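Have a look at the structure below, then the notes.
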Amino acid sequence: MVKTEYIVMNTEKRKCLVHITDNVRDFVRSSGIKEGMVLVSAMHITAGIIVNDYEAGLWSDIMEWLEKVAPEGDYAHHQTGEDNGDAHLKRIVVHHQVIVPITKGALDLGPWERIFYAEFDGRRSKRIILKAMGE
Amino acid sequence: MVKTEYIVMNTEKRKCLVHITDNVRDFVRSSGIKEGMVLVSAMHITAGIIVNDYEAGLWSDIMEWLEKVAPEGDYAHHQTGEDNGDAHLKRIVVHHQVIVPITKGALDLGPWERIFYAEFDGRRSKRIILKAMGE
Amino acid sequence: MVKTEYIVMNTEKRKCLVHITDNVRDFVRSSGIKEGMVLVSAMHITAGIIVNDYEAGLWSDIMEWLEKVAPEGDYAHHQTGEDNGDAHLKRIVVHHQVIVPITKGALDLGPWERIFYAEFDGRRSKRIILKAMGE
């Protein structure tokens with residue numbers, strides 16, 4: 001059995017994290033899949049998906065740290081008229097997708113694992129694909 | 001067909017790599033799945049999974065390099081009483097999961113690909129989920 | 001249904017990106033799978049897979065930036081006779097694999113998402129595994 005859903009994101013801030021565990025959980029429940037996996041993948045190339053701690057301090061640490069690892073700056077990509085070169089690199093660092101295992105009809109996450117969408121060039125409509133597969 | 005197993009890790013060192021290819025291979029053999037994929041995912045948010053070379057020099061290179069990319073330090077997350085902010089960031093760099101393809105009943109790894117668990121805040125009990133899906 | 005194919009890469013340059021979306025698309029079409037996922041995974045430990053923008057400026061940005069994050073240098077791994085320690089680390093940063101969702105028989109990529117192979121120690125024969133699973 002394979003089920004698909006798209007979530008539309010449109011963040012007020014250019015860069016931010018958004019908690020989406022509940023969206024993924026609701027989708028998996030409605031899918032009827034009891035055993036399998038769900039892919040959560042950011043379809044736009046300046047956004048990613050992270051599974052980590054849902055804690056405000058850590059969230060600001062992540063965003064500050066990414067500014068050091070993949071800073072804003074003068075990128076060759078900007079010759080196209082864009083100014084978001086750093087956002088493409090930040091997506092590469094955090095990776096753009098995760099697989100969440102489904103066991104007994106529920107997300108099989110560790111005790112502190114939560115799913116977030118990482119937006120690095122927001123303020124416009126973007127999609128996340130959820131694709132669940134299993135029995 | 002979907003099969004699940006959990007491996008419990010409890011490392012003596014706070015930070016280290018542990019070779020787990022044999023654990024994943026044994027699980028896949030016992031699963032009876034001949035064609036498919038197995039997800040290997042660290043369920044705790046200060047650990048990750050890497051597929052790379054099982055070579056002592058490289059292992060020390062990886063750990064030293066991660067100390068530069070995501071160093072120990074003063075993180076906002078530490079206001080919760082934790083002192084492992086760097087471990088959360090290291091998990092993001094290496095990613096917390098891999099998918100290993102299963103072909104003819106065996107792990108379909110490249111000639112030098114081996115699977116390791118990357119612990120960044122150990123000395124306590126943590127789980128890895130193995131979830132295999134296929135025919 | 002599960003289908004497998006291997007792509008052989010042999011790049012002229014030691015480090016480069018190669019566009020492989022068409023290879024993955026052709027494979028998925030020939031697989032007959034209408035709904036599911038395809039794993040695209042670099043089987044050699046000094047190469048990775050990226051899903052991002054197919055734009056020349058960004059491609060040079062990515063390669064320059066990786067040289068900063070995981071530079072060439074003196075690595076313990078080089079005591080084995082190798083000189084590619086940086087290539088192993090670059091593979092970890094970009095991750096070595098992606099899952100592309102398959103919807104209605106096509107790759108379900110975002111508007112700008114394209115798949116590339118990231119070679120960090122080329123000029124010899126290496127493989128990518130494509131493994132599709134679904135209905």
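Order determines the names: the first chain of the structure tokens is A, the second B, and so forth; residues in each chain are numbered 1 upward, and ligands are numbered 1 upward as they are shown.
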Give me the residues of chain A that have any atom at most 9 Å from an atom of chain C; for each, the nearest atom pair and the distance in Å, rounded to one decimal. Use only C-alpha atoms, sort by chain and number, and format it as CSV.
```
residue,atom,partner,partner_atom,distance
A:Met1,CA,C:Glu135,CA,7.7
A:Val2,CA,C:Glu35,CA,6.4
A:Lys3,CA,C:Glu35,CA,8.3
A:Thr4,CA,C:Thr103,CA,8.2
A:Leu39,CA,C:Pro101,CA,8.0
A:Ser41,CA,C:Ile99,CA,8.7
A:Ala42,CA,C:Gly110,CA,8.2
A:Met43,CA,C:Gly110,CA,4.4
A:His44,CA,C:Gly110,CA,5.8
A:Ile45,CA,C:Asn52,CA,5.3
A:Thr46,CA,C:Asn52,CA,8.3
A:Val69,CA,C:Val69,CA,7.2
A:Ala70,CA,C:Trp65,CA,7.9
A:Tyr75,CA,C:Asp61,CA,6.2
A:Ala76,CA,C:Gly57,CA,4.6
A:His77,CA,C:Gly57,CA,4.3
A:His78,CA,C:Gly57,CA,7.7
A:Gln79,CA,C:Gly57,CA,7.4
A:Thr80,CA,C:Gly57,CA,8.0
A:Gly85,CA,C:Leu58,CA,7.0
A:His88,CA,C:Asn52,CA,7.2
A:Leu89,CA,C:Ile62,CA,6.9
A:Arg91,CA,C:Asn52,CA,8.5
A:Ile92,CA,C:Val94,CA,5.7
A:Val93,CA,C:Val93,CA,6.0
A:Val94,CA,C:Val93,CA,8.6
A:His95,CA,C:Val94,CA,7.4
A:His96,CA,C:Val51,CA,8.1
A:Gln97,CA,C:Val98,CA,7.9
A:Val98,CA,C:Ile99,CA,8.9
A:Ile99,CA,C:Ile99,CA,8.9
A:Arg127,CA,C:Gly110,CA,7.9
A:Ile128,CA,C:Gly110,CA,8.9
A:Ile129,CA,C:Pro101,CA,8.4
A:Leu130,CA,C:Pro101,CA,9.0
A:Lys131,CA,C:Pro101,CA,7.0
A:Ala132,CA,C:Gly36,CA,8.4
A:Met133,CA,C:Gly36,CA,7.0
```
Please produce a file of those selected residues containing N, CA and C atoms, as an mmCIF file, in the first residue's frame.
```cif
data_model
loop_
_atom_site.group_PDB
_atom_site.id
_atom_site.type_symbol
_atom_site.label_atom_id
_atom_site.label_comp_id
_atom_site.auth_asym_id
_atom_site.auth_seq_id
_atom_site.Cartn_x
_atom_site.Cartn_y
_atom_site.Cartn_z
ATOM 1 N N MET A 1 0.851 -1.196 0.000
ATOM 2 C CA MET A 1 0.000 0.000 0.000
ATOM 3 C C MET A 1 0.886 1.245 0.000
ATOM 4 N N VAL A 2 0.559 2.214 -0.854
ATOM 5 C CA VAL A 2 1.334 3.453 -0.941
ATOM 6 C C VAL A 2 0.368 4.641 -0.875
ATOM 7 N N LYS A 3 0.664 5.613 -0.005
ATOM 8 C CA LYS A 3 -0.199 6.788 0.141
ATOM 9 C C LYS A 3 0.645 8.055 0.071
ATOM 10 N N THR A 4 0.070 9.107 -0.482
ATOM 11 C CA THR A 4 0.829 10.344 -0.691
ATOM 12 C C THR A 4 0.033 11.552 -0.224
ATOM 13 N N LEU A 39 8.256 8.559 4.019
ATOM 14 C CA LEU A 39 9.253 9.527 3.560
ATOM 15 C C LEU A 39 8.709 10.931 3.781
ATOM 16 N N SER A 41 9.925 14.689 2.742
ATOM 17 C CA SER A 41 10.963 15.269 1.886
ATOM 18 C C SER A 41 10.570 16.687 1.454
ATOM 19 N N ALA A 42 11.476 17.645 1.669
ATOM 20 C CA ALA A 42 11.247 19.046 1.274
ATOM 21 C C ALA A 42 11.457 19.156 -0.240
ATOM 22 N N MET A 43 10.423 19.592 -0.969
ATOM 23 C CA MET A 43 10.470 19.586 -2.434
ATOM 24 C C MET A 43 11.125 20.836 -3.020
ATOM 25 N N HIS A 44 11.477 21.793 -2.155
ATOM 26 C CA HIS A 44 12.119 23.018 -2.651
ATOM 27 C C HIS A 44 13.559 23.037 -2.173
ATOM 28 N N ILE A 45 14.432 23.559 -3.005
ATOM 29 C CA ILE A 45 15.866 23.303 -2.855
ATOM 30 C C ILE A 45 16.563 24.255 -1.898
ATOM 31 N N THR A 46 15.779 25.026 -1.160
ATOM 32 C CA THR A 46 16.334 25.878 -0.114
ATOM 33 C C THR A 46 15.650 25.574 1.227
ATOM 34 N N VAL A 69 28.485 27.495 9.399
ATOM 35 C CA VAL A 69 28.923 26.406 8.500
ATOM 36 C C VAL A 69 28.656 26.764 7.038
ATOM 37 N N ALA A 70 27.538 27.429 6.774
ATOM 38 C CA ALA A 70 27.160 27.768 5.397
ATOM 39 C C ALA A 70 26.628 29.204 5.389
ATOM 40 N N TYR A 75 27.883 34.446 -3.709
ATOM 41 C CA TYR A 75 27.979 33.143 -4.366
ATOM 42 C C TYR A 75 27.837 33.294 -5.881
ATOM 43 N N ALA A 76 28.506 32.421 -6.615
ATOM 44 C CA ALA A 76 28.398 32.417 -8.088
ATOM 45 C C ALA A 76 26.933 32.280 -8.507
ATOM 46 N N HIS A 77 26.169 31.546 -7.713
ATOM 47 C CA HIS A 77 24.739 31.341 -7.986
ATOM 48 C C HIS A 77 23.987 32.680 -8.069
ATOM 49 N N HIS A 78 24.496 33.707 -7.436
ATOM 50 C CA HIS A 78 23.800 34.997 -7.401
ATOM 51 C C HIS A 78 23.847 35.725 -8.747
ATOM 52 N N GLN A 79 24.690 35.254 -9.652
ATOM 53 C CA GLN A 79 24.713 35.840 -11.000
ATOM 54 C C GLN A 79 23.426 35.544 -11.771
ATOM 55 N N THR A 80 22.618 34.616 -11.261
ATOM 56 C CA THR A 80 21.318 34.333 -11.878
ATOM 57 C C THR A 80 20.256 35.319 -11.396
ATOM 58 N N GLY A 85 22.173 31.695 -2.143
ATOM 59 C CA GLY A 85 23.189 30.632 -2.248
ATOM 60 C C GLY A 85 23.385 29.877 -0.945
ATOM 61 N N HIS A 88 20.819 27.069 -0.249
ATOM 62 C CA HIS A 88 21.062 25.794 -0.948
ATOM 63 C C HIS A 88 22.072 24.938 -0.181
ATOM 64 N N LEU A 89 23.119 25.608 0.348
ATOM 65 C CA LEU A 89 24.156 24.870 1.081
ATOM 66 C C LEU A 89 23.634 24.371 2.424
ATOM 67 N N ARG A 91 20.618 23.475 3.096
ATOM 68 C CA ARG A 91 19.815 22.278 2.802
ATOM 69 C C ARG A 91 20.702 21.040 2.680
ATOM 70 N N ILE A 92 21.882 21.216 2.067
ATOM 71 C CA ILE A 92 22.794 20.071 1.911
ATOM 72 C C ILE A 92 23.292 19.598 3.280
ATOM 73 N N VAL A 93 23.664 20.542 4.157
ATOM 74 C CA VAL A 93 24.166 20.165 5.495
ATOM 75 C C VAL A 93 23.127 19.359 6.284
ATOM 76 N N VAL A 94 21.893 19.857 6.333
ATOM 77 C CA VAL A 94 20.898 19.192 7.186
ATOM 78 C C VAL A 94 20.231 18.014 6.486
ATOM 79 N N HIS A 95 20.395 17.908 5.191
ATOM 80 C CA HIS A 95 19.740 16.928 4.313
ATOM 81 C C HIS A 95 18.279 17.344 4.153
ATOM 82 N N HIS A 96 17.703 16.937 3.039
ATOM 83 C CA HIS A 96 16.379 17.456 2.689
ATOM 84 C C HIS A 96 15.258 16.472 2.999
ATOM 85 N N GLN A 97 15.603 15.335 3.594
ATOM 86 C CA GLN A 97 14.557 14.329 3.787
ATOM 87 C C GLN A 97 14.921 13.370 4.910
ATOM 88 N N VAL A 98 13.887 12.757 5.454
ATOM 89 C CA VAL A 98 14.055 11.679 6.430
ATOM 90 C C VAL A 98 13.032 10.586 6.119
ATOM 91 N N ILE A 99 13.337 9.394 6.642
ATOM 92 C CA ILE A 99 12.387 8.279 6.614
ATOM 93 C C ILE A 99 11.992 8.022 8.065
ATOM 94 N N ARG A 127 6.309 23.181 -0.861
ATOM 95 C CA ARG A 127 5.682 21.916 -0.516
ATOM 96 C C ARG A 127 6.637 20.899 0.125
ATOM 97 N N ILE A 128 6.065 20.097 1.000
ATOM 98 C CA ILE A 128 6.727 18.904 1.538
ATOM 99 C C ILE A 128 5.923 17.709 1.047
ATOM 100 N N ILE A 129 6.597 16.674 0.556
ATOM 101 C CA ILE A 129 5.869 15.450 0.205
ATOM 102 C C ILE A 129 5.967 14.448 1.353
ATOM 103 N N LEU A 130 4.822 13.824 1.665
ATOM 104 C CA LEU A 130 4.765 12.701 2.596
ATOM 105 C C LEU A 130 4.373 11.481 1.768
ATOM 106 N N LYS A 131 5.177 10.459 1.809
ATOM 107 C CA LYS A 131 4.861 9.243 1.033
ATOM 108 C C LYS A 131 5.036 8.047 1.945
ATOM 109 N N ALA A 132 3.948 7.366 2.248
ATOM 110 C CA ALA A 132 3.997 6.216 3.147
ATOM 111 C C ALA A 132 3.852 4.933 2.346
ATOM 112 N N MET A 133 4.588 3.908 2.767
ATOM 113 C CA MET A 133 4.567 2.625 2.068
ATOM 114 C C MET A 133 4.573 1.524 3.093
#
```
Pick out the residues sitting within 8 Å of stretch 20-22 of chain C, and hand them over as a CSV table (one decimal) with all heavy atoms, in the first residue's frame; count only C-alpha atoms, and ignore anything fewer than 6 positions along from it in its own chain.
```csv
chain,number,residue,atom,x,y,z
C,114,ARG,N,16.8,18.5,-8.9
C,114,ARG,CA,17.4,17.6,-9.8
C,114,ARG,C,18.4,16.7,-9.0
C,114,ARG,O,18.9,17.2,-8.0
C,114,ARG,CB,18.2,18.3,-10.9
C,114,ARG,CG,17.3,19.2,-11.8
C,114,ARG,CD,16.3,18.4,-12.7
C,114,ARG,NE,15.4,19.3,-13.5
C,114,ARG,CZ,14.3,19.9,-13.0
C,114,ARG,NH1,13.9,19.6,-11.8
C,114,ARG,NH2,13.6,20.7,-13.8
C,115,ILE,N,18.7,15.5,-9.6
C,115,ILE,CA,19.6,14.6,-8.9
C,115,ILE,C,21.0,14.7,-9.4
C,115,ILE,O,21.2,14.6,-10.6
C,115,ILE,CB,19.0,13.2,-9.0
C,115,ILE,CG1,17.5,13.1,-8.7
C,115,ILE,CG2,19.8,12.2,-8.1
C,115,ILE,CD1,16.8,11.9,-9.2
C,116,PHE,N,22.0,14.8,-8.6
C,116,PHE,CA,23.4,14.7,-9.1
C,116,PHE,C,24.2,13.8,-8.3
C,116,PHE,O,24.0,13.6,-7.1
C,116,PHE,CB,24.2,16.0,-9.2
C,116,PHE,CG,23.6,17.3,-8.8
C,116,PHE,CD1,24.2,18.0,-7.8
C,116,PHE,CD2,22.4,17.8,-9.3
C,116,PHE,CE1,23.7,19.2,-7.4
C,116,PHE,CE2,21.9,19.0,-8.8
C,116,PHE,CZ,22.5,19.7,-7.9
C,117,TYR,N,25.2,13.2,-9.0
C,117,TYR,CA,26.2,12.4,-8.4
C,117,TYR,C,27.4,13.3,-8.1
C,117,TYR,O,27.8,14.1,-8.9
C,117,TYR,CB,26.7,11.3,-9.5
C,117,TYR,CG,27.9,10.5,-9.1
C,117,TYR,CD1,27.8,9.5,-8.1
C,117,TYR,CD2,29.1,10.7,-9.8
C,117,TYR,CE1,28.9,8.8,-7.8
C,117,TYR,CE2,30.2,9.9,-9.4
C,117,TYR,CZ,30.1,8.9,-8.4
C,117,TYR,OH,31.1,8.2,-8.1
```
Taking the backbone alone, and naming residues the way the document does, which bits of chain C are strand (DSSP E) by DSSP, as a PyMOL selection string?
chain C and resi 2-9+16-19+36-42+47-52+97-103+106-107+114-119+126-134
Between atom CA of B:Ala118 and atom CA of B:Val18, what is the distance, to one decimal in Å?
6.6 Å
Could you please write out, as a list in words, every residue of stretch 45-82 of chain C that DSSP assigns to helix (DSSP H, G or I)?
Ala56, Gly57, Leu58, Trp59, Ser60, Asp61, Ile62, Met63, Glu64, Trp65, Leu66, Glu67, Lys68, Val69, Ala76, His77, His78, Gln79 and Thr80 of chain C
Write the residues of the selection above to a file with N, CA and C atoms, as a PDB file, in the first residue's frame.
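Output saved as result_26.pdb:
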```
ATOM      1  N   ALA C  56      24.891  26.029 -13.025  1.00  0.00           N
ATOM      2  CA  ALA C  56      26.361  25.989 -13.062  1.00  0.00           C
ATOM      3  C   ALA C  56      26.996  26.794 -11.927  1.00  0.00           C
ATOM      4  N   GLY C  57      26.459  27.999 -11.649  1.00  0.00           N
ATOM      5  CA  GLY C  57      27.022  28.819 -10.579  1.00  0.00           C
ATOM      6  C   GLY C  57      26.925  28.097  -9.244  1.00  0.00           C
ATOM      7  N   LEU C  58      25.763  27.557  -8.949  1.00  0.00           N
ATOM      8  CA  LEU C  58      25.587  26.837  -7.681  1.00  0.00           C
ATOM      9  C   LEU C  58      26.505  25.622  -7.607  1.00  0.00           C
ATOM     10  N   TRP C  59      26.674  24.937  -8.725  1.00  0.00           N
ATOM     11  CA  TRP C  59      27.540  23.756  -8.706  1.00  0.00           C
ATOM     12  C   TRP C  59      28.970  24.138  -8.299  1.00  0.00           C
ATOM     13  N   SER C  60      29.459  25.269  -8.819  1.00  0.00           N
ATOM     14  CA  SER C  60      30.820  25.663  -8.421  1.00  0.00           C
ATOM     15  C   SER C  60      30.819  26.145  -6.969  1.00  0.00           C
ATOM     16  N   ASP C  61      29.728  26.792  -6.538  1.00  0.00           N
ATOM     17  CA  ASP C  61      29.618  27.183  -5.117  1.00  0.00           C
ATOM     18  C   ASP C  61      29.707  25.965  -4.205  1.00  0.00           C
ATOM     19  N   ILE C  62      28.994  24.898  -4.565  1.00  0.00           N
ATOM     20  CA  ILE C  62      28.967  23.688  -3.733  1.00  0.00           C
ATOM     21  C   ILE C  62      30.373  23.109  -3.602  1.00  0.00           C
ATOM     22  N   MET C  63      31.081  23.013  -4.727  1.00  0.00           N
ATOM     23  CA  MET C  63      32.406  22.396  -4.686  1.00  0.00           C
ATOM     24  C   MET C  63      33.412  23.274  -3.923  1.00  0.00           C
ATOM     25  N   GLU C  64      33.326  24.588  -4.083  1.00  0.00           N
ATOM     26  CA  GLU C  64      34.225  25.496  -3.333  1.00  0.00           C
ATOM     27  C   GLU C  64      33.932  25.441  -1.844  1.00  0.00           C
ATOM     28  N   TRP C  65      32.661  25.433  -1.527  1.00  0.00           N
ATOM     29  CA  TRP C  65      32.244  25.414  -0.121  1.00  0.00           C
ATOM     30  C   TRP C  65      32.672  24.109   0.555  1.00  0.00           C
ATOM     31  N   LEU C  66      32.546  22.987  -0.136  1.00  0.00           N
ATOM     32  CA  LEU C  66      32.967  21.701   0.440  1.00  0.00           C
ATOM     33  C   LEU C  66      34.467  21.680   0.718  1.00  0.00           C
ATOM     34  N   GLU C  67      35.229  22.408  -0.121  1.00  0.00           N
ATOM     35  CA  GLU C  67      36.680  22.490   0.103  1.00  0.00           C
ATOM     36  C   GLU C  67      36.982  23.199   1.416  1.00  0.00           C
ATOM     37  N   LYS C  68      36.078  24.114   1.828  1.00  0.00           N
ATOM     38  CA  LYS C  68      36.263  24.804   3.120  1.00  0.00           C
ATOM     39  C   LYS C  68      35.802  23.928   4.286  1.00  0.00           C
ATOM     40  N   VAL C  69      34.654  23.286   4.128  1.00  0.00           N
ATOM     41  CA  VAL C  69      34.074  22.506   5.229  1.00  0.00           C
ATOM     42  C   VAL C  69      34.881  21.232   5.488  1.00  0.00           C
ATOM     43  N   ALA C  76      44.953  11.034   9.102  1.00  0.00           N
ATOM     44  CA  ALA C  76      45.461   9.748   9.619  1.00  0.00           C
ATOM     45  C   ALA C  76      45.199   8.637   8.600  1.00  0.00           C
ATOM     46  N   HIS C  77      44.102   8.740   7.876  1.00  0.00           N
ATOM     47  CA  HIS C  77      43.746   7.750   6.850  1.00  0.00           C
ATOM     48  C   HIS C  77      44.856   7.610   5.802  1.00  0.00           C
ATOM     49  N   HIS C  78      45.672   8.627   5.631  1.00  0.00           N
ATOM     50  CA  HIS C  78      46.709   8.603   4.588  1.00  0.00           C
ATOM     51  C   HIS C  78      47.863   7.667   4.938  1.00  0.00           C
ATOM     52  N   GLN C  79      47.918   7.228   6.184  1.00  0.00           N
ATOM     53  CA  GLN C  79      48.942   6.238   6.568  1.00  0.00           C
ATOM     54  C   GLN C  79      48.704   4.892   5.896  1.00  0.00           C
ATOM     55  N   THR C  80      47.518   4.708   5.314  1.00  0.00           N
ATOM     56  CA  THR C  80      47.234   3.468   4.566  1.00  0.00           C
ATOM     57  C   THR C  80      47.763   3.561   3.136  1.00  0.00           C
TER      58      THR C  80
END
```
I'd like to know which of A:Glu82, A:Gly105, A:Ser125, A:Ala87 is closest to A:Val38, using only C-alpha atoms.
A:Gly105
In Å and to one decimal, atom CA of C:Val24 is distant from atom CA of A:Lys90 by 24.7 Å
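One finds atom CA of A:Glu72 at 22.5 Å from atom CA of B:Gly73.
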I want to know what sits within 8 Å of A:Arg29, based on only C-alpha atoms, with residues of the same chain fewer than 3 positions away left out; could you give that as a PDB file with N, CA, C and O atoms, in the first residue's frame?
```
ATOM      1  N   ARG A  25       2.142  12.456  11.713  1.00  0.00           N
ATOM      2  CA  ARG A  25       1.379  11.467  12.490  1.00  0.00           C
ATOM      3  C   ARG A  25      -0.058  11.354  11.964  1.00  0.00           C
ATOM      4  O   ARG A  25      -0.569  10.246  11.762  1.00  0.00           O
ATOM      5  N   ASP A  26      -0.700  12.500  11.728  1.00  0.00           N
ATOM      6  CA  ASP A  26      -2.080  12.480  11.225  1.00  0.00           C
ATOM      7  C   ASP A  26      -2.153  11.794   9.864  1.00  0.00           C
ATOM      8  O   ASP A  26      -3.070  11.017   9.589  1.00  0.00           O
ATOM      9  N   GLY A  32      -3.841   4.319   7.050  1.00  0.00           N
ATOM     10  CA  GLY A  32      -4.198   2.938   7.335  1.00  0.00           C
ATOM     11  C   GLY A  32      -3.015   1.978   7.335  1.00  0.00           C
ATOM     12  O   GLY A  32      -3.174   0.774   7.538  1.00  0.00           O
ATOM     13  N   ILE A  33      -1.816   2.488   7.114  1.00  0.00           N
ATOM     14  CA  ILE A  33      -0.619   1.629   7.097  1.00  0.00           C
ATOM     15  C   ILE A  33      -0.194   1.314   8.530  1.00  0.00           C
ATOM     16  O   ILE A  33      -0.071   2.216   9.362  1.00  0.00           O
ATOM     17  N   GLY A 105       1.019   0.972  13.451  1.00  0.00           N
ATOM     18  CA  GLY A 105       0.184   2.098  13.037  1.00  0.00           C
ATOM     19  C   GLY A 105       0.646   3.462  13.517  1.00  0.00           C
ATOM     20  O   GLY A 105       0.007   4.475  13.234  1.00  0.00           O
ATOM     21  N   ALA A 106       1.777   3.509  14.251  1.00  0.00           N
ATOM     22  CA  ALA A 106       2.258   4.792  14.798  1.00  0.00           C
ATOM     23  C   ALA A 106       3.669   5.110  14.307  1.00  0.00           C
ATOM     24  O   ALA A 106       4.409   4.203  13.890  1.00  0.00           O
TER      25      ALA A 106
END
```
